[in-house]
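Below is one structure, written out as structure tokens; the observations come after it.
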Amino acid sequence: MHQRLTPAASLPADESDGPSGQSRLHSLLRYDLPASLVVFLVALPLSLGIAVASDAPVLAGIIAAIVGGIVVGFLGGSPLQVSGPAAGLTVIVAGLVGQFGWAVTCAITICAGVLQVLLGLSRIARAALAISPVVVHAMLAGIGVTIALQQTHVLLGGDSASSAWRNVTGLPGQVLHAHGPGTFLGLLVIGILVAWRWVPERVKVIPGPLVAILGVTVLSLVAPFDVSRIVIDGSLVDALQLPNLPDGNWGAFVTGVLTVALIASVESLLSAVSVDRMQSRAPRTNFDRELMGQGVANIASGSIGGLPVTGVIVRSSTNVAAGAQTRASSILHGVWVLAFAVPFAGLAKLIPTAALAGLLIVIGVQLVKWAHIKTAWRTGDLAVYLVTIVGVVFLNLLEGVLIGLALAVSLTVWRVVRVKIAADRTGEDQWRVVIDGSVTFLSLPRLNSVLASVPDGAHVTVELAVDFIDHAGYETIDAWQRQQVASGGSVDIHDVGAVEMDSAVAGPPMRGFTPIDKRTGVVPWSSWQPQLRPSVLHGLAVYHRRTAPFIRPHMKELEHEQRPETLFITCADSRIVPNVITSSGPGDLFTVRNVGNFIPAGRQDVSVDAAIAFAVKVLDVSSIVVCGHSSCGAMNAVLRDGPGQSTGDEALDAWLEYARPALAAFGGGRHPIAKSAAAEGFDTVDQLSMVNVALQVQTLAEHPLLRERYQQGRLDIIGLFYDIPSAGVLRVTPTEVCTFELGHAQS
């Protein structure tokens with residue numbers, strides 16, 4: 001019996017294709033080992049600087065880096081994420097150290113780790129992501145501003161105050177009494193780190209923070225500089241610290257535990273999400289496992305005197321960029337930190353405090369990202385962003401985040417209940433009323449005002465494009481309609497939204513959803529003009545009336561350039577709509593369509609090669625997609641007639657010659673993909689279409705314009721198969737086919 005693949009089912013992979021022990025060893029030596037060394041060189045100075053900014057023992061940062069790398073590397077759910085002490089917790093830890101002392105702060109770290117493990121076991125890790133990203137971004141920015149303010153005083157030769165306001169008001173006096181040599185060294189570190197962004201790529205293999213701290217330290221020893229330096233009491237073994245419970249003030253202790261657990265969890269999970277977006281080859285993050293791994297690491301770190309551990313985006317992005325393939329890179333980075341710290345930890349005493357202050361100022365400034373500010377401005381969340389930053393800087397982190405969340409929730413409620421209502425005269429006694437959004441009792445003042453502006457006796461067309469309407473909204477519109485008709489006019493209501501007006505009296509009001517908003521114009525003509533002959537001109541009229549006003553602001557941003565992320569190569573079949581499949585919009589996809597979605601090998605077709613060259617060389621896309629589909633006419637013609645056989649058209653016959661390699665690979669159904677597809681009920685045409693997609697993916701991977709980018713991990717090449725009857729999208733690799741679940745491919 002024919003059976004279509006559904007989102008709950010997947011085609012089995014060929015287990016023999018799994019990596020062998022020899023290939024894993026090769027991957028370790030070629031990719032993970034070099035990447036771990038790069039991450040180690042980045043982590044070392046950052047760990048020292050974060051410990052200093054946290055008012056913790058300097059070697060506590062080294063302990064956290066070791067534990068984070070090894071423990072989370074083994075137990076975490078994000079293979080390529082690197083964990084250790086994070087700048088995002090420096091303000092919290094410094095406050096706890098000032099209030100309780102270091103031993104009790106270690107106990108807080110342990111309890112926070114226990115809470116993280118419990119949250120992971122309860123399988124609610126994804127709930128930690130249910131925090132508005134703009135609040136998280138603003139929280140990190142507020143922490144960055146606080147760090148920069150504090151460390152500016154240290155760079156100038158003074159001590160940072162306990163509050164941001166005192167740091168701000170005391171800054172002019174600190175500038176007047178700056179310590180010259182220390183300030184020079186700190187500014188030199190900042191200059192090196194800023195300039196490092198423009199050095200050649202081959203030089204960037206050496207991390208900028210290492211170069212800056214090492215170079216300035218050597219300079220401070222060679223030149224006659226009298227500056228303060230890092231204070232370390234004893235060796236790494238001497239730095240091991242047992243935790244203590246507080247003598248009292250348990251309310252503040254519990255608050256500290258909750259704050260550390262929440263911030264560490266959210267920062268780790270958001271970092272893991274970012275790592276997933278950076279690469280597509282490693283398995284996706286298991287968030288519950290990641291949270292448990294972070295919790296175990298915090299228990300271990302706090303037990304021996306280390307700082308709290310989180311996933312760190314700076315080290316993680318460095319790990320991915322350096323070519324890491326597995327969790328071995330993170331584990332090895334922890335081993336290298338341990339191997340260095342045991343005999344050489346005392347060398348940290350040579351580092352000038354002003355040099356580390358310069359490093360921390362750069363880290364703090366980098367937490368304020370211009371991209372986040374632009375996003376907040378574009379999405380109307382700039383007020384949330386700014387209020388959260390001010391709260392974090394001038395109150396405290398927890399209060400600032402709570403204020404930001406409250407404002408974000410308030411704005412969300414306002415946007416949900418807000419409805420757009422407008423009335424326009426369209427002719428003599430002709431009016432048009434547009435009601436767009438959610439119609440509730442909260443919108444009655446606006447609704448009554450606009451409807452009252454329409455004169456009695458007018459002939460009115462009402463476009464009701466709503467996703468929710470309650471009984472109060474229904475009664476208001478219905479009463480106005482009766483009054484308008486009684487005065488000699490007419491009211492014609494067009495339900496063009498997800499919810500019809502009469503649904504408000506059919507039962508409890510329900511919010512309606514349409515997978516494709518009718519305003520976008522991507523539903524078939526027959527669904528909204530069934531009585532008319534399908535017409536491009538009718539579609540254009542609807543576009544100008546409904547769609548253009550909504551997308552005009554976005555198109556204005558794309559006026560002078562396009563910035564697509566993906567080159568999308570698919571069949572010319574009219575049933576395939578790439579922007580619908582990928583939930584994308586104008587400017588996201590650079591699309592190439594041809595019969596059969598072929599990429600002719602050996603650069604035999606100028607048009608396809610020109611598109612590829614333009615996409616990678618000019619547009620710098622990060623991914624290329626090849627999308628085939630079910631019931632493909634090209635595949636059907638190839639199977640029926642074979643390449644080289646006449647279809648009755650000379651141009652089509654020549655083009656279908658490019659299907660010859662796919663037909664040969666198909667081998668009458670012997671290809672592993674064809675066998676798996678057949679077992680799931682796909683017919684021969686669809687089997688060949690899947691094999692064809694896999695072959696085109698291989699062709700792209702070996703393409704002269706793409707080979708180097710792909711091998712370096714700078715370009716993703718993705719194969720898709722669109723099953724038209726089920727509207728399901730499958731992912732196709734050269735060896736297997738898998739379904740999508742919750743936005744990620746599940747093999």
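Ordered as shown in the structure tokens, chains take letters A, B, and onward, while each chain numbers its residues from 1 and ligands are numbered from 1 in the order shown.
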
I'd like the contact shell of A:Gly76 - 6 Å cut-off, only C-alpha atoms, skipping same-chain residues fewer than 6 positions apart - returned as a PyMOL selection string. chain A and resi 289-290+293

Can you pull out every residue from stretch 208-401 of chain A that DSSP, working from the backbone, puts in strand (DSSP E or B), and format the result as a VMD selection string? chain A and resid 229 310 to 311 352

Can I get the selection written as an mmCIF file, in the first residue's frame, with C-alpha atoms?
```
data_model
loop_
_atom_site.group_PDB
_atom_site.id
_atom_site.type_symbol
_atom_site.label_atom_id
_atom_site.label_comp_id
_atom_site.auth_asym_id
_atom_site.auth_seq_id
_atom_site.Cartn_x
_atom_site.Cartn_y
_atom_site.Cartn_z
ATOM 1 C CA ARG A 229 50.609 43.650 38.918
ATOM 2 C CA THR A 310 28.577 28.930 31.598
ATOM 3 C CA GLY A 311 28.693 28.324 27.889
ATOM 4 C CA PRO A 352 50.081 44.488 34.951
#
```

Among stretch 526-703 of chain A, which residues does DSSP mark as alpha helix (DSSP H) when it is run on the backbone? Keep the chain and numbering as in the structure and answer as a PyMOL selection string. chain A and resi 526-528+536-542+548-557+578-581+606-613+633-641+650-655+660-666+672-679+684-701

Residue neighbourhood stretch 174-178 of chain A, 12 Å, only C-alpha atoms, exclusion window fewer than 5 positions, as an mmCIF file with N, CA, C and O atoms, in the first residue's frame:
```cif
data_model
loop_
_atom_site.group_PDB
_atom_site.id
_atom_site.type_symbol
_atom_site.label_atom_id
_atom_site.label_comp_id
_atom_site.auth_asym_id
_atom_site.auth_seq_id
_atom_site.Cartn_x
_atom_site.Cartn_y
_atom_site.Cartn_z
ATOM 1 N N LEU A 149 32.905 50.498 32.922
ATOM 2 C CA LEU A 149 32.996 51.589 33.899
ATOM 3 C C LEU A 149 33.947 51.236 35.041
ATOM 4 O O LEU A 149 34.791 52.039 35.442
ATOM 5 N N GLN A 150 33.795 50.007 35.569
ATOM 6 C CA GLN A 150 34.655 49.589 36.673
ATOM 7 C C GLN A 150 36.118 49.549 36.258
ATOM 8 O O GLN A 150 37.006 50.067 36.956
ATOM 9 N N GLN A 151 36.390 48.920 35.135
ATOM 10 C CA GLN A 151 37.770 48.698 34.732
ATOM 11 C C GLN A 151 38.444 49.958 34.199
ATOM 12 O O GLN A 151 39.675 50.024 34.156
ATOM 13 N N THR A 152 37.668 50.961 33.802
ATOM 14 C CA THR A 152 38.272 52.235 33.410
ATOM 15 C C THR A 152 39.007 52.854 34.593
ATOM 16 O O THR A 152 40.100 53.422 34.450
ATOM 17 N N HIS A 153 38.423 52.747 35.786
ATOM 18 C CA HIS A 153 39.092 53.253 36.987
ATOM 19 C C HIS A 153 40.396 52.491 37.237
ATOM 20 O O HIS A 153 41.417 53.093 37.599
ATOM 21 N N VAL A 154 40.361 51.155 37.056
ATOM 22 C CA VAL A 154 41.570 50.349 37.269
ATOM 23 C C VAL A 154 42.634 50.723 36.249
ATOM 24 O O VAL A 154 43.819 50.844 36.574
ATOM 25 N N LEU A 155 42.216 50.910 34.989
ATOM 26 C CA LEU A 155 43.164 51.285 33.938
ATOM 27 C C LEU A 155 43.834 52.618 34.264
ATOM 28 O O LEU A 155 45.023 52.818 33.972
ATOM 29 N N LEU A 156 43.090 53.523 34.897
ATOM 30 C CA LEU A 156 43.632 54.846 35.236
ATOM 31 C C LEU A 156 44.434 54.841 36.526
ATOM 32 O O LEU A 156 44.927 55.886 36.962
ATOM 33 N N GLY A 157 44.550 53.670 37.161
ATOM 34 C CA GLY A 157 45.378 53.563 38.349
ATOM 35 C C GLY A 157 44.633 53.638 39.654
ATOM 36 O O GLY A 157 45.250 53.695 40.725
ATOM 37 N N GLY A 158 43.288 53.620 39.624
ATOM 38 C CA GLY A 158 42.502 53.706 40.847
ATOM 39 C C GLY A 158 41.778 52.412 41.140
ATOM 40 O O GLY A 158 42.092 51.344 40.605
ATOM 41 N N ASP A 159 40.776 52.500 42.014
ATOM 42 C CA ASP A 159 39.942 51.361 42.377
ATOM 43 C C ASP A 159 38.514 51.654 41.953
ATOM 44 O O ASP A 159 38.024 52.787 42.097
ATOM 45 N N SER A 160 37.824 50.627 41.462
ATOM 46 C CA SER A 160 36.437 50.818 41.051
ATOM 47 C C SER A 160 35.543 50.899 42.274
ATOM 48 O O SER A 160 35.804 50.269 43.300
ATOM 49 N N ALA A 161 34.456 51.685 42.160
ATOM 50 C CA ALA A 161 33.496 51.827 43.248
ATOM 51 C C ALA A 161 32.479 50.699 43.189
ATOM 52 O O ALA A 161 32.403 49.945 42.210
ATOM 53 N N ARG A 166 28.525 55.908 41.332
ATOM 54 C CA ARG A 166 29.777 56.421 41.903
ATOM 55 C C ARG A 166 30.924 56.298 40.903
ATOM 56 O O ARG A 166 31.819 57.151 40.859
ATOM 57 N N ASN A 167 30.897 55.238 40.081
ATOM 58 C CA ASN A 167 31.931 55.102 39.051
ATOM 59 C C ASN A 167 31.817 56.215 38.020
ATOM 60 O O ASN A 167 32.827 56.727 37.521
ATOM 61 N N VAL A 168 30.581 56.590 37.682
ATOM 62 C CA VAL A 168 30.369 57.650 36.692
ATOM 63 C C VAL A 168 30.786 59.007 37.263
ATOM 64 O O VAL A 168 31.529 59.767 36.635
ATOM 65 N N THR A 169 30.301 59.308 38.462
ATOM 66 C CA THR A 169 30.598 60.624 39.043
ATOM 67 C C THR A 169 32.061 60.774 39.436
ATOM 68 O O THR A 169 32.595 61.885 39.454
ATOM 69 N N THR A 183 48.235 53.557 32.701
ATOM 70 C CA THR A 183 47.254 53.969 31.701
ATOM 71 C C THR A 183 47.780 53.723 30.298
ATOM 72 O O THR A 183 47.043 53.258 29.413
ATOM 73 N N PHE A 184 49.051 54.006 30.077
ATOM 74 C CA PHE A 184 49.651 53.771 28.764
ATOM 75 C C PHE A 184 49.579 52.288 28.390
ATOM 76 O O PHE A 184 49.207 51.933 27.260
ATOM 77 N N GLY A 186 47.506 49.974 29.546
ATOM 78 C CA GLY A 186 46.122 49.575 29.314
ATOM 79 C C GLY A 186 45.613 50.034 27.965
ATOM 80 O O GLY A 186 44.941 49.287 27.243
ATOM 81 N N ALA A 354 46.640 46.989 34.889
ATOM 82 C CA ALA A 354 46.090 47.890 33.870
ATOM 83 C C ALA A 354 45.938 47.187 32.530
ATOM 84 O O ALA A 354 45.034 47.507 31.751
#
```

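Minimum atom-to-atom distance to A:Leu193, evaluated using only C-alpha atoms, belongs to A:Leu356 out of A:Pro224, A:Val296, A:Ile110, A:Leu356.
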